[in-house]
Amino acid sequence: MASLKDMRNRIASVKATRKITKAMQMVAAAKLRRAQEAATAARPYAERMASVLGSLASKVADKNGASPLLVGTGKDQVHLLIVMTAERGLCGGFNSNIAKLARADANRLIAAGKTVKILTVGRKGADNLKRDLGRNIVERKDFQGVRQLTFAHAEGIANRVLEMFEAGEFDIATLYFSEFKSVIAQKPTALQLIPATVTEAAGEAKGGAGAVHEYEPSEEEVLGFLLSRNISTQIFRGLLENSASFYGAQMSAMDNATRNAGDMINKLTIKYNRQRQANITKELIEIISGAEAL
């Protein structure tokens, strides 16, 4: 049985841990609001980008010489998985849920005889996947020490993806991130980037039925620019969604940890008081027994 000193040390240790988890919860809560606003503000732009692409793609896709970013390479043998996670842990199942979705798709593609390449964004994604898919990881992008992710970071990733595509290193690219729903709900999401997943119906729904648009320069040139821009936009949206989801998950995880630490402190305190009372009672019995023996 642990001594009273050991139990006091244990209680003090748990109290110190509770202070840390409470502080982390408050920090995550403070950063969550800004991250959530940024993610929410990026959604209309990304959705409008998809609608414009849908409108243009319906006019250009059937023409000869359409961009491979729209129609693909005609093959689906090599797949690039862009897996976005956080740089840090202590956020519940946030990182592992994204990695789980990417791992399931990678294993399915490998079983079908496809070649899978993985580009990880965030240190935890590489750590989660390197055990069973380490040889498939072709590049890592870490943003340790970066206080605020900007569009320039997304452009850097997008440019690298486009370089790989132009070099013929893959046929299909899919982005994995966690879509922010609420503080307690984050949805792991897979979004195909190349070829772009746009439909004529989406463009008409957003642009208005019967609307006629004239493009200057030509539709092909505008679409070519927007397709590459769309990759940067969707990656940036994924970074913002991931940031908001991370702080929401961390806030929830640290709140649970703080509550559990409080429950543990209460149980240890009760156990300590009972042990202390038992020791006092034992000493009193020994004193009384000694006095009666005289």
# chains A, B, ... in the order shown; residues from 1 in each chain; ligands from 1
call {"tool": "select_by_dssp", "arguments": {"residues": "stretch 77-237 of chain A", "states": "alpha helix (DSSP H)", "output": "ChimeraX atom specification"}}
result
/A:94-111,123-133,151-166,200-207,219-237
call {"tool": "residues_around", "arguments": {"residues": "stretch 95-99 of chain A", "least_positions_apart": "3", "cutoff": "10 Å", "atoms": "only C-alpha atoms", "output": "ChimeraX atom specification"}}
result
/A:83-92,102-105,120,122-129,176-178,186-190,242,246,249
call {"tool": "closest_residue", "arguments": {"among": "A:Asn230, A:Ala293, A:Phe225, A:Val183", "to": "A:Ala29", "atoms": "only C-alpha atoms"}}
result
A:Val183
call {"tool": "select_by_dssp", "arguments": {"residues": "stretch 52-188 of chain A", "states": "strand (DSSP E or B)", "output": "PyMOL selection string"}}
result
chain A and resi 78-84+115-121+137-141+172-182+185-188
call {"tool": "closest_residue", "arguments": {"among": "A:Asp171, A:Asp255, A:Glu155, A:Glu166", "to": "A:Phe236", "atoms": "only C-alpha atoms"}}
result
A:Glu155
call {"tool": "residues_around", "arguments": {"residues": "A:Ile270", "least_positions_apart": "6", "cutoff": "12 Å", "atoms": "only C-alpha atoms", "output": "list in words"}}
result
Met7, Arg8, Ile11, Asp263, Met264, Arg276 and Gln277 of chain A
call {"tool": "write_last_selection", "arguments": {"atoms": "N, CA, C and O atoms", "output": "PDB file, in the first residue's frame"}}
result
ATOM      1  N   MET A   7       1.084   9.332  -1.597  1.00  0.00           N
ATOM      2  CA  MET A   7      -0.250   9.768  -2.036  1.00  0.00           C
ATOM      3  C   MET A   7      -0.323  11.279  -2.147  1.00  0.00           C
ATOM      4  O   MET A   7      -0.947  11.817  -3.065  1.00  0.00           O
ATOM      5  N   ARG A   8       0.340  12.000  -1.207  1.00  0.00           N
ATOM      6  CA  ARG A   8       0.375  13.467  -1.315  1.00  0.00           C
ATOM      7  C   ARG A   8       1.104  13.904  -2.580  1.00  0.00           C
ATOM      8  O   ARG A   8       0.677  14.848  -3.257  1.00  0.00           O
ATOM      9  N   ILE A  11      -1.208  13.335  -5.578  1.00  0.00           N
ATOM     10  CA  ILE A  11      -2.249  14.358  -5.663  1.00  0.00           C
ATOM     11  C   ILE A  11      -1.668  15.662  -6.200  1.00  0.00           C
ATOM     12  O   ILE A  11      -2.264  16.328  -7.067  1.00  0.00           O
ATOM     13  N   ASP A 263     -11.664  14.441 -11.233  1.00  0.00           N
ATOM     14  CA  ASP A 263     -12.232  13.220 -10.660  1.00  0.00           C
ATOM     15  C   ASP A 263     -11.158  12.383  -9.963  1.00  0.00           C
ATOM     16  O   ASP A 263     -11.386  11.831  -8.875  1.00  0.00           O
ATOM     17  N   MET A 264      -9.978  12.309 -10.583  1.00  0.00           N
ATOM     18  CA  MET A 264      -8.895  11.537  -9.987  1.00  0.00           C
ATOM     19  C   MET A 264      -8.417  12.174  -8.679  1.00  0.00           C
ATOM     20  O   MET A 264      -8.119  11.466  -7.700  1.00  0.00           O
ATOM     21  N   ARG A 276      -5.238   8.110   6.167  1.00  0.00           N
ATOM     22  CA  ARG A 276      -4.770   8.923   7.294  1.00  0.00           C
ATOM     23  C   ARG A 276      -5.601   8.642   8.531  1.00  0.00           C
ATOM     24  O   ARG A 276      -5.064   8.515   9.651  1.00  0.00           O
ATOM     25  N   GLN A 277      -6.926   8.530   8.354  1.00  0.00           N
ATOM     26  CA  GLN A 277      -7.797   8.218   9.485  1.00  0.00           C
ATOM     27  C   GLN A 277      -7.483   6.844  10.058  1.00  0.00           C
ATOM     28  O   GLN A 277      -7.475   6.645  11.283  1.00  0.00           O
TER      29      GLN A 277
END
call {"tool": "atom_distance", "arguments": {"atom1": "atom CA of A:Ala16", "atom2": "atom CA of A:Ala257"}}
result
12.3 Å
call {"tool": "atom_distance", "arguments": {"atom1": "atom CA of A:Ala38", "atom2": "atom CA of A:Leu70"}}
result
28.0 Å
call {"tool": "residues_around", "arguments": {"residues": "A:Gly262", "least_positions_apart": "2", "cutoff": "12 Å", "atoms": "only C-alpha atoms", "output": "PyMOL selection string"}}
result
chain A and resi 11-19+21-22+255-260+264-269
call {"tool": "atom_distance", "arguments": {"atom1": "atom CA of A:Tyr247", "atom2": "atom CA of A:Arg229"}}
result
27.5 Å
call {"tool": "closest_residue", "arguments": {"among": "A:Ala50, A:Ile280, A:Leu226, A:Leu191", "to": "A:Gly238", "atoms": "only C-alpha atoms"}}
result
A:Leu191
call {"tool": "residues_around", "arguments": {"residues": "A:Asn107", "least_positions_apart": "3", "cutoff": "12 Å", "atoms": "only C-alpha atoms", "output": "PyMOL selection string"}}
result
chain A and resi 79+81+99-104+110-117+129+132-133+136
call {"tool": "write_last_selection", "arguments": {"atoms": "N, CA, C and O atoms", "output": "mmCIF file, in the first residue's frame"}}
result
data_model
loop_
_atom_site.group_PDB
_atom_site.id
_atom_site.type_symbol
_atom_site.label_atom_id
_atom_site.label_comp_id
_atom_site.auth_asym_id
_atom_site.auth_seq_id
_atom_site.Cartn_x
_atom_site.Cartn_y
_atom_site.Cartn_z
ATOM 1 N N HIS A 79 -1.774 7.157 -58.022
ATOM 2 C CA HIS A 79 -2.572 8.061 -57.191
ATOM 3 C C HIS A 79 -1.668 8.792 -56.202
ATOM 4 O O HIS A 79 -0.821 8.169 -55.552
ATOM 5 N N LEU A 81 -1.851 10.913 -52.767
ATOM 6 C CA LEU A 81 -2.690 11.245 -51.622
ATOM 7 C C LEU A 81 -2.011 12.363 -50.834
ATOM 8 O O LEU A 81 -0.892 12.183 -50.335
ATOM 9 N N ALA A 99 -5.666 10.182 -40.788
ATOM 10 C CA ALA A 99 -4.741 9.149 -41.247
ATOM 11 C C ALA A 99 -5.473 7.832 -41.502
ATOM 12 O O ALA A 99 -5.132 7.097 -42.435
ATOM 13 N N LYS A 100 -6.486 7.544 -40.703
ATOM 14 C CA LYS A 100 -7.257 6.306 -40.877
ATOM 15 C C LYS A 100 -7.987 6.302 -42.218
ATOM 16 O O LYS A 100 -8.005 5.289 -42.928
ATOM 17 N N LEU A 101 -8.588 7.443 -42.591
ATOM 18 C CA LEU A 101 -9.290 7.539 -43.870
ATOM 19 C C LEU A 101 -8.307 7.389 -45.030
ATOM 20 O O LEU A 101 -8.570 6.649 -45.992
ATOM 21 N N ALA A 102 -7.168 8.081 -44.937
ATOM 22 C CA ALA A 102 -6.167 7.992 -46.004
ATOM 23 C C ALA A 102 -5.594 6.583 -46.094
ATOM 24 O O ALA A 102 -5.368 6.066 -47.196
ATOM 25 N N ARG A 103 -5.351 5.949 -44.959
ATOM 26 C CA ARG A 103 -4.796 4.591 -44.953
ATOM 27 C C ARG A 103 -5.764 3.599 -45.586
ATOM 28 O O ARG A 103 -5.351 2.716 -46.349
ATOM 29 N N ALA A 104 -7.055 3.754 -45.278
ATOM 30 C CA ALA A 104 -8.055 2.847 -45.847
ATOM 31 C C ALA A 104 -8.103 2.982 -47.368
ATOM 32 O O ALA A 104 -8.147 1.975 -48.093
ATOM 33 N N ILE A 110 -3.995 -0.041 -53.340
ATOM 34 C CA ILE A 110 -2.891 -0.987 -53.477
ATOM 35 C C ILE A 110 -3.429 -2.389 -53.759
ATOM 36 O O ILE A 110 -2.888 -3.132 -54.590
ATOM 37 N N ALA A 111 -4.518 -2.760 -53.090
ATOM 38 C CA ALA A 111 -5.126 -4.065 -53.328
ATOM 39 C C ALA A 111 -5.660 -4.189 -54.753
ATOM 40 O O ALA A 111 -5.717 -5.289 -55.309
ATOM 41 N N ALA A 112 -6.034 -3.050 -55.344
ATOM 42 C CA ALA A 112 -6.534 -3.054 -56.722
ATOM 43 C C ALA A 112 -5.402 -2.982 -57.742
ATOM 44 O O ALA A 112 -5.665 -2.870 -58.947
ATOM 45 N N GLY A 113 -4.161 -3.018 -57.283
ATOM 46 C CA GLY A 113 -3.020 -2.997 -58.193
ATOM 47 C C GLY A 113 -2.560 -1.614 -58.596
ATOM 48 O O GLY A 113 -1.773 -1.474 -59.536
ATOM 49 N N LYS A 114 -3.017 -0.578 -57.895
ATOM 50 C CA LYS A 114 -2.619 0.786 -58.225
ATOM 51 C C LYS A 114 -1.338 1.154 -57.472
ATOM 52 O O LYS A 114 -0.980 0.548 -56.463
ATOM 53 N N THR A 115 -0.664 2.176 -57.984
ATOM 54 C CA THR A 115 0.515 2.719 -57.326
ATOM 55 C C THR A 115 0.092 3.934 -56.497
ATOM 56 O O THR A 115 -0.585 4.829 -57.002
ATOM 57 N N VAL A 116 0.495 3.951 -55.231
ATOM 58 C CA VAL A 116 0.083 5.010 -54.319
ATOM 59 C C VAL A 116 1.307 5.792 -53.865
ATOM 60 O O VAL A 116 2.303 5.217 -53.418
ATOM 61 N N LYS A 117 1.225 7.104 -54.002
ATOM 62 C CA LYS A 117 2.239 8.011 -53.483
ATOM 63 C C LYS A 117 1.573 8.945 -52.476
ATOM 64 O O LYS A 117 0.430 9.364 -52.677
ATOM 65 N N LEU A 129 1.450 7.469 -40.560
ATOM 66 C CA LEU A 129 1.432 6.617 -41.753
ATOM 67 C C LEU A 129 2.746 5.897 -42.019
ATOM 68 O O LEU A 129 2.780 4.958 -42.817
ATOM 69 N N ASP A 132 3.184 1.646 -41.641
ATOM 70 C CA ASP A 132 2.757 0.671 -42.644
ATOM 71 C C ASP A 132 2.775 1.214 -44.065
ATOM 72 O O ASP A 132 2.686 0.452 -45.014
ATOM 73 N N LEU A 133 2.908 2.542 -44.224
ATOM 74 C CA LEU A 133 2.955 3.124 -45.574
ATOM 75 C C LEU A 133 4.167 4.042 -45.739
ATOM 76 O O LEU A 133 4.149 4.946 -46.584
ATOM 77 N N ASN A 136 5.662 4.549 -49.150
ATOM 78 C CA ASN A 136 4.829 5.259 -50.117
ATOM 79 C C ASN A 136 4.905 6.777 -49.946
ATOM 80 O O ASN A 136 4.410 7.514 -50.794
#
